[in-house]
Every structure is written in C-alpha cells, then in structure tokens.
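As provided, data-v1.cif (mmCIF, C-alpha atoms) reads as follows.
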data_final
#
loop_
_atom_site.label_atom_id
_atom_site.label_comp_id
_atom_site.auth_asym_id
_atom_site.auth_seq_id
_atom_site.Cartn_x
_atom_site.Cartn_y
_atom_site.Cartn_z
CA MET A 104 -11.03 5.76 14.27
CA SER A 105 -13.81 3.21 13.94
CA LEU A 106 -15.46 1.45 11.04
CA THR A 107 -18.77 2.56 9.56
CA ARG A 108 -21.47 -0.02 8.99
CA ALA A 109 -20.78 0.08 5.25
CA GLU A 110 -17.08 -0.57 5.84
CA ARG A 111 -17.85 -3.50 8.11
CA THR A 112 -20.12 -5.01 5.46
CA ILE A 113 -17.41 -4.70 2.80
CA ILE A 114 -14.79 -6.33 5.02
CA VAL A 115 -16.98 -9.21 6.14
CA SER A 116 -18.07 -9.92 2.59
CA MET A 117 -14.54 -9.90 1.18
CA TRP A 118 -13.41 -12.06 4.06
CA SER A 119 -15.74 -14.83 2.94
CA LYS A 120 -13.67 -15.06 -0.27
CA ILE A 121 -10.30 -14.65 1.45
CA SER A 122 -11.11 -17.38 3.99
CA THR A 123 -11.15 -20.03 1.26
CA GLN A 124 -7.52 -19.22 0.39
CA THR A 125 -5.82 -18.23 3.62
CA ASP A 126 -2.70 -20.26 2.71
CA VAL A 127 -2.24 -18.61 -0.67
CA ILE A 128 -3.04 -15.09 0.54
CA GLY A 129 -0.90 -15.46 3.67
CA THR A 130 2.11 -16.90 1.88
CA GLU A 131 2.03 -14.28 -0.86
CA THR A 132 1.66 -11.45 1.65
CA LEU A 133 4.78 -12.57 3.47
CA GLU A 134 6.69 -13.12 0.22
CA ARG A 135 5.86 -9.55 -0.75
CA LEU A 136 6.85 -8.29 2.70
CA PHE A 137 10.25 -9.96 2.64
CA SER A 138 10.97 -9.00 -1.00
CA CYS A 139 10.01 -5.35 -0.59
CA TYR A 140 11.08 -4.79 2.99
CA PRO A 141 14.01 -7.13 3.58
CA GLN A 142 14.56 -5.57 7.00
CA ALA A 143 11.45 -7.47 8.13
CA LYS A 144 13.46 -10.66 7.77
CA THR A 145 15.43 -9.69 10.87
CA TYR A 146 12.53 -10.98 12.94
CA PHE A 147 12.81 -14.44 11.38
CA PRO A 148 16.43 -15.58 11.61
CA HIS A 149 15.13 -19.00 12.62
CA PHE A 150 12.95 -19.42 9.50
CA ASP A 151 13.59 -20.70 6.02
CA LEU A 152 12.13 -17.82 4.02
CA HIS A 153 12.69 -19.20 0.53
CA THR A 154 9.74 -19.44 -1.86
CA GLY A 155 7.92 -22.69 -1.20
CA SER A 156 9.12 -22.95 2.39
CA ALA A 157 6.69 -24.80 4.63
CA GLN A 158 7.45 -22.39 7.46
CA LEU A 159 6.55 -19.42 5.27
CA ARG A 160 3.25 -21.05 4.33
CA ALA A 161 2.42 -21.97 7.91
CA HIS A 162 3.23 -18.53 9.20
CA GLY A 163 1.36 -16.79 6.40
CA SER A 164 -1.72 -18.86 7.22
CA LYS A 165 -1.40 -17.98 10.86
CA VAL A 166 -1.23 -14.26 10.13
CA VAL A 167 -4.26 -14.31 7.83
CA ALA A 168 -6.20 -16.46 10.30
CA ALA A 169 -5.58 -13.82 12.96
CA VAL A 170 -6.91 -11.16 10.59
CA GLY A 171 -9.94 -13.45 10.23
CA ASP A 172 -10.38 -13.53 14.02
CA ALA A 173 -10.44 -9.75 13.94
CA VAL A 174 -13.04 -9.80 11.14
CA LYS A 175 -15.24 -12.21 13.09
CA SER A 176 -15.17 -9.82 16.08
CA ILE A 177 -15.14 -6.70 13.98
CA ASP A 178 -17.07 -4.80 16.65
CA ASN A 179 -14.44 -5.58 19.25
CA VAL A 180 -11.09 -6.23 17.64
CA ALA A 181 -9.22 -5.40 20.86
CA SER A 182 -10.81 -8.27 22.73
CA ALA A 183 -10.37 -10.75 19.86
CA LEU A 184 -6.66 -9.96 19.55
CA SER A 185 -5.89 -9.36 23.22
CA LYS A 186 -3.51 -12.34 23.56
CA LEU A 187 -1.77 -11.48 20.27
CA SER A 188 -1.44 -7.91 21.47
CA GLU A 189 0.38 -9.10 24.60
CA LEU A 190 2.55 -11.44 22.56
CA HIS A 191 3.68 -8.60 20.30
CA ALA A 192 4.26 -6.21 23.21
CA TYR A 193 6.16 -8.44 25.59
CA VAL A 194 7.70 -11.20 23.50
CA LEU A 195 7.95 -10.36 19.80
CA ARG A 196 8.42 -6.60 20.13
CA VAL A 197 8.24 -6.05 16.38
CA ASP A 198 8.89 -2.39 15.61
CA PRO A 199 5.54 -0.75 14.82
CA VAL A 200 6.70 0.41 11.38
CA ASN A 201 6.50 -3.20 10.22
CA PHE A 202 2.74 -3.34 10.69
CA LYS A 203 2.46 -0.66 8.01
CA PHE A 204 4.65 -2.70 5.66
CA LEU A 205 2.69 -5.90 6.31
CA SER A 206 -0.66 -4.14 5.91
CA HIS A 207 0.45 -2.63 2.60
CA CYS A 208 1.59 -6.04 1.32
CA LEU A 209 -1.73 -7.59 2.33
CA LEU A 210 -3.61 -4.85 0.44
CA VAL A 211 -1.42 -5.47 -2.63
CA THR A 212 -2.13 -9.21 -2.38
CA LEU A 213 -5.88 -8.61 -2.06
CA ALA A 214 -5.84 -6.23 -5.04
CA SER A 215 -3.95 -8.81 -7.07
CA HIS A 216 -6.32 -11.70 -6.23
CA PHE A 217 -9.64 -9.86 -6.13
CA PRO A 218 -9.38 -7.10 -8.74
CA ALA A 219 -13.13 -6.68 -9.17
CA ASP A 220 -13.98 -6.78 -5.47
CA PHE A 221 -11.15 -4.50 -4.44
CA THR A 222 -12.96 -1.29 -5.31
CA ALA A 223 -11.79 2.08 -3.98
CA ASP A 224 -14.30 1.77 -1.12
CA ALA A 225 -13.01 -1.73 -0.33
CA HIS A 226 -9.44 -0.43 -0.45
CA ALA A 227 -10.37 2.33 1.99
CA ALA A 228 -12.22 -0.06 4.32
CA TRP A 229 -9.38 -2.59 4.42
CA ASP A 230 -6.71 0.07 4.87
CA LYS A 231 -8.67 1.48 7.81
CA PHE A 232 -9.37 -1.98 9.27
CA LEU A 233 -5.72 -3.02 9.09
CA SER A 234 -4.74 0.27 10.80
CA ILE A 235 -7.11 -0.63 13.59
CA VAL A 236 -5.66 -4.15 13.84
CA SER A 237 -2.12 -2.72 13.89
CA GLY A 238 -3.15 -0.28 16.60
CA VAL A 239 -4.52 -3.09 18.74
CA LEU A 240 -1.35 -5.14 18.29
CA THR A 241 0.86 -2.24 19.40
CA GLU A 242 -1.35 -0.76 22.10
CA LYS A 243 0.44 -2.50 25.00
CA TYR A 244 3.94 -1.62 23.76
CA ARG A 245 4.37 1.03 26.45
CA MET B 54 19.53 5.50 -9.10
CA PRO B 55 17.49 3.91 -6.34
CA ASN B 56 19.53 1.14 -4.80
CA GLY B 57 20.02 -1.57 -7.40
CA VAL B 58 16.76 -1.14 -9.29
CA ASN B 59 16.33 -3.66 -12.10
CA LYS B 60 15.85 -0.99 -14.79
CA GLY B 61 15.11 -3.53 -17.50
CA ALA B 62 12.32 -5.23 -15.57
CA VAL B 63 10.74 -1.93 -14.59
CA THR B 64 10.79 -0.40 -18.09
CA ALA B 65 9.61 -3.61 -19.75
CA PHE B 66 6.67 -3.85 -17.40
CA TRP B 67 5.85 -0.15 -17.61
CA GLY B 68 5.46 -0.50 -21.36
CA LYS B 69 2.27 -2.50 -20.69
CA VAL B 70 0.75 0.05 -18.32
CA LYS B 71 -2.18 2.17 -19.54
CA VAL B 72 -0.84 5.36 -18.03
CA ASP B 73 -4.08 7.35 -18.41
CA GLU B 74 -6.20 4.73 -16.66
CA VAL B 75 -3.72 3.89 -13.96
CA GLY B 76 -3.05 7.58 -13.31
CA ALA B 77 -6.73 8.41 -12.91
CA GLU B 78 -7.36 5.36 -10.74
CA SER B 79 -4.35 6.04 -8.52
CA LEU B 80 -5.26 9.66 -7.87
CA GLY B 81 -8.90 8.70 -7.36
CA ARG B 82 -8.01 6.01 -4.84
CA LEU B 83 -5.69 8.41 -3.00
CA LEU B 84 -8.60 10.82 -2.56
CA VAL B 85 -10.97 8.07 -1.38
CA VAL B 86 -8.64 6.03 0.82
CA TYR B 87 -6.91 9.07 2.37
CA PRO B 88 -9.64 11.72 2.22
CA TRP B 89 -7.49 14.36 3.90
CA THR B 90 -5.53 14.53 0.64
CA GLN B 91 -8.58 16.27 -0.82
CA ARG B 92 -7.24 19.42 0.85
CA PHE B 93 -5.14 20.06 -2.26
CA PHE B 94 -8.04 19.78 -4.65
CA GLU B 95 -10.77 22.07 -3.38
CA SER B 96 -11.23 23.49 -6.86
CA PHE B 97 -12.06 20.05 -8.28
CA GLY B 98 -15.70 20.07 -7.18
CA ASP B 99 -17.54 17.11 -5.68
CA LEU B 100 -15.19 14.52 -4.16
CA SER B 101 -17.58 13.37 -1.46
CA THR B 102 -18.04 9.76 -2.62
CA ALA B 103 -16.02 7.25 -4.61
CA GLU B 104 -18.59 7.60 -7.38
CA ALA B 105 -18.11 11.38 -7.46
CA VAL B 106 -14.34 11.07 -7.43
CA PHE B 107 -14.18 8.54 -10.25
CA GLY B 108 -16.68 10.46 -12.35
CA ASN B 109 -14.75 13.70 -11.92
CA ALA B 110 -13.10 14.90 -15.14
CA LYS B 111 -10.55 17.02 -13.27
CA VAL B 112 -9.43 14.01 -11.25
CA LYS B 113 -8.99 11.99 -14.45
CA ALA B 114 -7.03 14.77 -16.14
CA HIS B 115 -4.83 15.41 -13.15
CA GLY B 116 -4.20 11.71 -12.54
CA LYS B 117 -3.00 11.39 -16.10
CA LYS B 118 -0.73 14.44 -15.70
CA VAL B 119 0.84 13.06 -12.55
CA LEU B 120 1.47 9.65 -14.03
CA ASP B 121 2.84 11.08 -17.29
CA SER B 122 5.37 12.85 -15.14
CA PHE B 123 6.17 9.67 -13.23
CA SER B 124 6.53 7.87 -16.55
CA GLU B 125 9.03 10.42 -17.76
CA GLY B 126 10.93 9.95 -14.50
CA LEU B 127 11.37 6.25 -15.34
CA ASN B 128 13.63 7.37 -18.20
CA HIS B 129 15.93 8.98 -15.65
CA LEU B 130 16.31 6.34 -12.96
CA ASP B 131 19.99 7.27 -12.78
CA ASP B 132 19.21 10.82 -11.76
CA LEU B 133 15.73 11.12 -10.28
CA LYS B 134 16.74 14.13 -8.17
CA GLY B 135 17.83 15.99 -11.29
CA ALA B 136 14.79 14.91 -13.27
CA PHE B 137 12.33 16.07 -10.61
CA ALA B 138 14.21 19.18 -9.40
CA SER B 139 11.83 21.79 -10.77
CA LEU B 140 8.73 19.78 -9.87
CA SER B 141 10.16 19.52 -6.37
CA GLU B 142 10.46 23.29 -6.14
CA LEU B 143 6.94 23.69 -7.49
CA HIS B 144 5.45 21.30 -4.93
CA CYS B 145 7.25 23.10 -2.12
CA ASP B 146 7.00 26.76 -3.09
CA LYS B 147 3.72 26.97 -4.96
CA LEU B 148 1.67 23.89 -4.11
CA HIS B 149 2.76 23.50 -0.46
CA VAL B 150 2.33 19.74 -0.54
CA ASP B 151 3.59 17.74 2.45
CA PRO B 152 6.04 15.17 0.97
CA GLU B 153 4.31 12.48 3.01
CA ASN B 154 1.67 12.60 0.28
CA PHE B 155 4.19 11.39 -2.33
CA LYS B 156 4.70 8.23 -0.27
CA LEU B 157 0.95 7.70 0.03
CA LEU B 158 0.44 8.11 -3.72
CA GLY B 159 3.39 5.82 -4.49
CA ASN B 160 1.88 3.02 -2.42
CA VAL B 161 -1.56 3.54 -3.96
CA LEU B 162 0.07 3.25 -7.41
CA VAL B 163 1.61 -0.08 -6.38
CA VAL B 164 -1.82 -1.36 -5.25
CA VAL B 165 -3.37 -0.25 -8.56
CA LEU B 166 -0.65 -2.02 -10.56
CA ALA B 167 -1.31 -5.20 -8.56
CA ARG B 168 -5.02 -4.89 -9.28
CA HIS B 169 -4.47 -4.49 -13.01
CA PHE B 170 -1.78 -7.12 -13.47
CA GLY B 171 -2.56 -9.79 -10.85
CA LYS B 172 -0.03 -12.62 -10.72
CA GLU B 173 2.22 -10.84 -13.21
CA PHE B 174 2.91 -8.20 -10.56
CA THR B 175 5.14 -10.59 -8.64
CA PRO B 176 6.71 -9.91 -5.23
CA GLU B 177 10.03 -9.31 -7.01
CA LEU B 178 8.51 -6.81 -9.44
CA GLN B 179 6.69 -5.11 -6.60
CA ALA B 180 10.03 -4.79 -4.79
CA GLU B 181 11.50 -2.96 -7.80
CA PHE B 182 8.53 -0.63 -7.95
CA GLN B 183 8.69 0.08 -4.23
CA LYS B 184 12.29 1.25 -4.78
CA VAL B 185 11.20 3.40 -7.72
CA VAL B 186 8.26 5.07 -5.95
CA THR B 187 10.47 5.73 -2.93
CA GLY B 188 13.12 7.21 -5.23
CA VAL B 189 10.57 9.45 -6.93
CA ALA B 190 9.07 10.54 -3.58
CA ASN B 191 12.54 11.39 -2.28
CA ALA B 192 13.39 13.27 -5.48
CA LEU B 193 10.19 15.31 -5.21
CA ALA B 194 11.04 16.18 -1.61
CA HIS B 195 14.68 16.89 -2.30
CA ARG B 196 14.38 20.64 -3.01
CA TYR B 197 12.13 21.39 -0.05
CA HIS B 198 13.34 24.15 2.23
#
Could you write out this structure as structure tokens?
Amino acid sequence: MSLTRAERTIIVSMWSKISTQTDVIGTETLERLFSCYPQAKTYFPHFDLHTGSAQLRAHGSKVVAAVGDAVKSIDNVASALSKLSELHAYVLRVDPVNFKFLSHCLLVTLASHFPADFTADAHAAWDKFLSIVSGVLTEKYR
Amino acid sequence: MPNGVNKGAVTAFWGKVKVDEVGAESLGRLLVVYPWTQRFFESFGDLSTAEAVFGNAKVKAHGKKVLDSFSEGLNHLDDLKGAFASLSELHCDKLHVDPENFKLLGNVLVVVLARHFGKEFTPELQAEFQKVVTGVANALAHRYH
C-alpha cells in the first residue's frame, strides 16, 4: 500500500495547518484515546493522565511531531521513523491493536478541528497514511 | 445495554443530529475511505470518485435508511440484540455482509459526528458513542451462523 501523488498533496497541505497546533491536536488525540479505549492507559502507569496534565500535553505533542516527521519524509516513512520503529519493537512493545485506536482518535480530532478540509478524500488519505505509519512502527516486532 | 452507556447524554446529543445528512455522509465516506466496501453496492452505479459517490442518489437514500435504523436502535439501548435480531438475520442470510463492515461504518459515523459538531463532540461523548456503535455492530452480528 503506497500513497498516490494526490494523497501526498492532501496530507502535506493539511499538515501545514496541523503543525501550528501540535499541542492541541496531540493532547486531544490522547484524551480521546484514553476516554474511548481505557485499556491504552495500561502503557502509561507512570503518567498523570488527567485533563490538563503537563505530561499528557508533552506526550501528545511528541506523538504529533513524529507524525510530522513522517509527513516531511512522506516518500520514505520507514527511514524517517526507523528509530521509533525500533523503540516500539524492543522497548515499548505496544500491542499493534493500539495503533488502530490511536489512528482513529487522530482522525476524529482532525475532523473536529478541520471540518472543511477533512473531505472524504482527505479522510481516505489520512487513514491510509496512518496505516502506513502504524505498519512502519510495528514492522520490527518479529 | 453496552457497558455503562450514558443513555441521557447519547439521546440528548442525537436529537441534534441531522440523520439524513449524517447517514448519507457516513455511507459515502465508507465507500470512499474503504473502497472494497463497494462490493455490496454494485447496483448503485458510478462510485469511482468521491464526487460520484456523494452525487449518487442511491447512496444518499441508503445512507438515510441505515442511519434511521441506527436511530431506532438508540431507543433500545437496553436490548440492542433484540432490536436488531431480524436485521442481523437479513445481513447474514440475504446480504452476506461480513460483520467487520459494521465496525468500519461505526467508526466512520463517529468521524462524521466529530466533523459536524467539533468541540461539542467531546472525548467523553465520543467514548459513549464508541460503546454504542460497538453494541450495534455486535447486535447486527449476533444472529450470524
């Protein structure tokens, strides 16, 4: 599965808006993840996950920034996320199902913040792109 | 009833939803984002682009039908399996729809609600709706054999 030129254009263009609010988008994505899929909290016993938590904000930013790294190397996501891929495979070992949950929550957040930009084609492009990112992050699992 | 759904919050919110619009948009997005789902709609005509899908009268009509049914289900959160029993049999025996598709449509519906309601579709409200769409998907799969 790889992105068409049109899909790449959509993603890069939406990213320019997202990048001005990585904190907000990141925090909300994680809030949605932990509200809807409380089992995801099992990976963060060391975090304060309450609304407004500084850790939540910092981590949300980090996650969205990594998505940004993937966007900036959209032709070679595997190389851009190589270190993160190793981290997830050997250290974090987050069950792959959680990437689907996180991706869904990011899509919901994007739809909520960018209703006009998040057309059906944008929805399709981002869903596909996040599948690719998830695939890269789990590709060294075994 | 799906585990501890806040019935009041769900019904209050649903009262504001334009079921026709949201139904058409949800089905349309399903067909665009997950194009393999078009396999169930070969009689609908041109579904080759987003423009074609969203201009398609059959998609609009069917989207409305599906969401009307979902809407009715919200009146039976205490017994979704009972409420969707005959639809479950229909989807298995006549329509031959893989229940995985109910999960896909449920999640698309959640995205569409977020798009229409923005901030109002809070993480907490989304959590309630995730339970509801999962409950409906499970109810529709319940009679499969």
- request: Would you mind listing what lies within 10 Å of Thr222 of chain A as a list in words, with all atoms listed in the file counted and same-chain residues fewer than 4 positions away left out?
  value: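 Residues near the query, excluding close chain neighbours: Ile113, Ala214, Phe217, Pro218, His226, Ala227 and Ala228 of chain A; Arg82, Ala103 and Arg168 of chain B.
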Contacts of Ser139 of chain B at 12 Å (all atoms listed in the file; same-chain gap of 6+ positions) as number ranges by chain: B: 122, 133, 145-147, 192-197
- request: Between atom CA of Phe97 of chain B and atom CA of Asn109 of chain B, measure the distance and give it in Å to one decimal.
  value: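 Here the two named atoms are 7.8 Å from each other.
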Tell me which residues the PyMOL selection byres ((chain A and resi 117) around 12) grabs here, as a PDB file with C-alpha atoms, in the coordinates of the input.
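That gives us out18.pdb:
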ATOM      1  CA  GLU A 110     -17.080  -0.570   5.840  1.00  0.00           C
ATOM      2  CA  ARG A 111     -17.850  -3.500   8.110  1.00  0.00           C
ATOM      3  CA  THR A 112     -20.120  -5.010   5.460  1.00  0.00           C
ATOM      4  CA  ILE A 113     -17.410  -4.700   2.800  1.00  0.00           C
ATOM      5  CA  ILE A 114     -14.790  -6.330   5.020  1.00  0.00           C
ATOM      6  CA  VAL A 115     -16.980  -9.210   6.140  1.00  0.00           C
ATOM      7  CA  SER A 116     -18.070  -9.920   2.590  1.00  0.00           C
ATOM      8  CA  TRP A 118     -13.410 -12.060   4.060  1.00  0.00           C
ATOM      9  CA  SER A 119     -15.740 -14.830   2.940  1.00  0.00           C
ATOM     10  CA  LYS A 120     -13.670 -15.060  -0.270  1.00  0.00           C
ATOM     11  CA  ILE A 121     -10.300 -14.650   1.450  1.00  0.00           C
ATOM     12  CA  SER A 122     -11.110 -17.380   3.990  1.00  0.00           C
ATOM     13  CA  THR A 123     -11.150 -20.030   1.260  1.00  0.00           C
ATOM     14  CA  GLN A 124      -7.520 -19.220   0.390  1.00  0.00           C
ATOM     15  CA  GLY A 171      -9.940 -13.450  10.230  1.00  0.00           C
ATOM     16  CA  VAL A 174     -13.040  -9.800  11.140  1.00  0.00           C
ATOM     17  CA  LEU A 213      -5.880  -8.610  -2.060  1.00  0.00           C
ATOM     18  CA  ALA A 214      -5.840  -6.230  -5.040  1.00  0.00           C
ATOM     19  CA  HIS A 216      -6.320 -11.700  -6.230  1.00  0.00           C
ATOM     20  CA  PHE A 217      -9.640  -9.860  -6.130  1.00  0.00           C
ATOM     21  CA  PRO A 218      -9.380  -7.100  -8.740  1.00  0.00           C
ATOM     22  CA  ALA A 219     -13.130  -6.680  -9.170  1.00  0.00           C
ATOM     23  CA  ASP A 220     -13.980  -6.780  -5.470  1.00  0.00           C
ATOM     24  CA  PHE A 221     -11.150  -4.500  -4.440  1.00  0.00           C
ATOM     25  CA  THR A 222     -12.960  -1.290  -5.310  1.00  0.00           C
ATOM     26  CA  ASP A 224     -14.300   1.770  -1.120  1.00  0.00           C
ATOM     27  CA  ALA A 225     -13.010  -1.730  -0.330  1.00  0.00           C
ATOM     28  CA  HIS A 226      -9.440  -0.430  -0.450  1.00  0.00           C
ATOM     29  CA  ALA A 228     -12.220  -0.060   4.320  1.00  0.00           C
ATOM     30  CA  TRP A 229      -9.380  -2.590   4.420  1.00  0.00           C
TER      31      TRP A 229
END
task: For atom CA of Gln183 of chain B and atom CA of Leu100 of chain B, quote the distance in Å rounded to one decimal.
output: 27.9 Å
Determine, counting only C-alpha atoms, which protein, DNA and RNA residues have an atom within 10 Å of an atom of segment 235-237 of chain A; residues of the same chain fewer than 6 positions away are not included. Present the result as an mmCIF file with C-alpha atoms, in the coordinates of the input.
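To be explicit, this is the file written out as part.cif:
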data_model
loop_
_atom_site.group_PDB
_atom_site.id
_atom_site.type_symbol
_atom_site.label_atom_id
_atom_site.label_comp_id
_atom_site.auth_asym_id
_atom_site.auth_seq_id
_atom_site.Cartn_x
_atom_site.Cartn_y
_atom_site.Cartn_z
ATOM 1 C CA MET A 104 -11.030 5.760 14.270
ATOM 2 C CA SER A 105 -13.810 3.210 13.940
ATOM 3 C CA LEU A 106 -15.460 1.450 11.040
ATOM 4 C CA ALA A 169 -5.580 -13.820 12.960
ATOM 5 C CA VAL A 170 -6.910 -11.160 10.590
ATOM 6 C CA ALA A 173 -10.440 -9.750 13.940
ATOM 7 C CA VAL A 174 -13.040 -9.800 11.140
ATOM 8 C CA ILE A 177 -15.140 -6.700 13.980
ATOM 9 C CA VAL A 180 -11.090 -6.230 17.640
ATOM 10 C CA ALA A 181 -9.220 -5.400 20.860
ATOM 11 C CA LEU A 184 -6.660 -9.960 19.550
ATOM 12 C CA SER A 188 -1.440 -7.910 21.470
ATOM 13 C CA PRO A 199 5.540 -0.750 14.820
ATOM 14 C CA VAL A 200 6.700 0.410 11.380
ATOM 15 C CA ASN A 201 6.500 -3.200 10.220
ATOM 16 C CA PHE A 202 2.740 -3.340 10.690
ATOM 17 C CA LYS A 203 2.460 -0.660 8.010
ATOM 18 C CA LEU A 205 2.690 -5.900 6.310
ATOM 19 C CA SER A 206 -0.660 -4.140 5.910
ATOM 20 C CA TRP A 229 -9.380 -2.590 4.420
#
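Distances from B:Leu143, B:Val75, B:Ala62, B:Leu148 to His169 of chain B were compared using all atoms listed in the file, and the smallest one belongs to B:Val75.
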task: Evaluate the PyMOL selection byres ((chain B) within 10 of (chain A)) here and jot the selected residues down as number ranges by chain.
output: B: 78-79, 81-88, 102-104, 106-107, 160-161, 163-184
- prompt: Which polymer residues have any atom within 12 Å of an atom of Asp151 of chain A, counting all atoms listed in the file, with same-chain residues fewer than 5 positions away left out, as a ChimeraX atom specification?
  reply: /A:134,137,144,146,156-162
task: Figure out the distance between atom CA of Leu80 of chain B and atom CA of Gly98 of chain B, please, to one decimal in Å.
output: 14.8 Å
Is it possible to get the axis-aligned box enclosing segment 177-191 of chain B (all listed atoms, 6 Å extra per side) as AutoDock Vina command-line options, with centre and edge lengths in Å rounded to one decimal?
--center_x 9.9 --center_y 1.0 --center_z -5.9 --size_x 18.4 --size_y 32.7 --size_z 19.2
Counting only C-alpha atoms, the residue of B:Asp151, B:Leu140, B:Asn128, B:Lys118 that sits nearest Val185 of chain B: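 Residue with the minimum atom-to-atom distance to Val185 of chain B: B:Asn128.
Minimum atom-to-atom distance to Phe94 of chain B, evaluated using only C-alpha atoms, belongs to B:Val150 out of B:Gly159, B:Val150, B:Thr187, B:Lys134.
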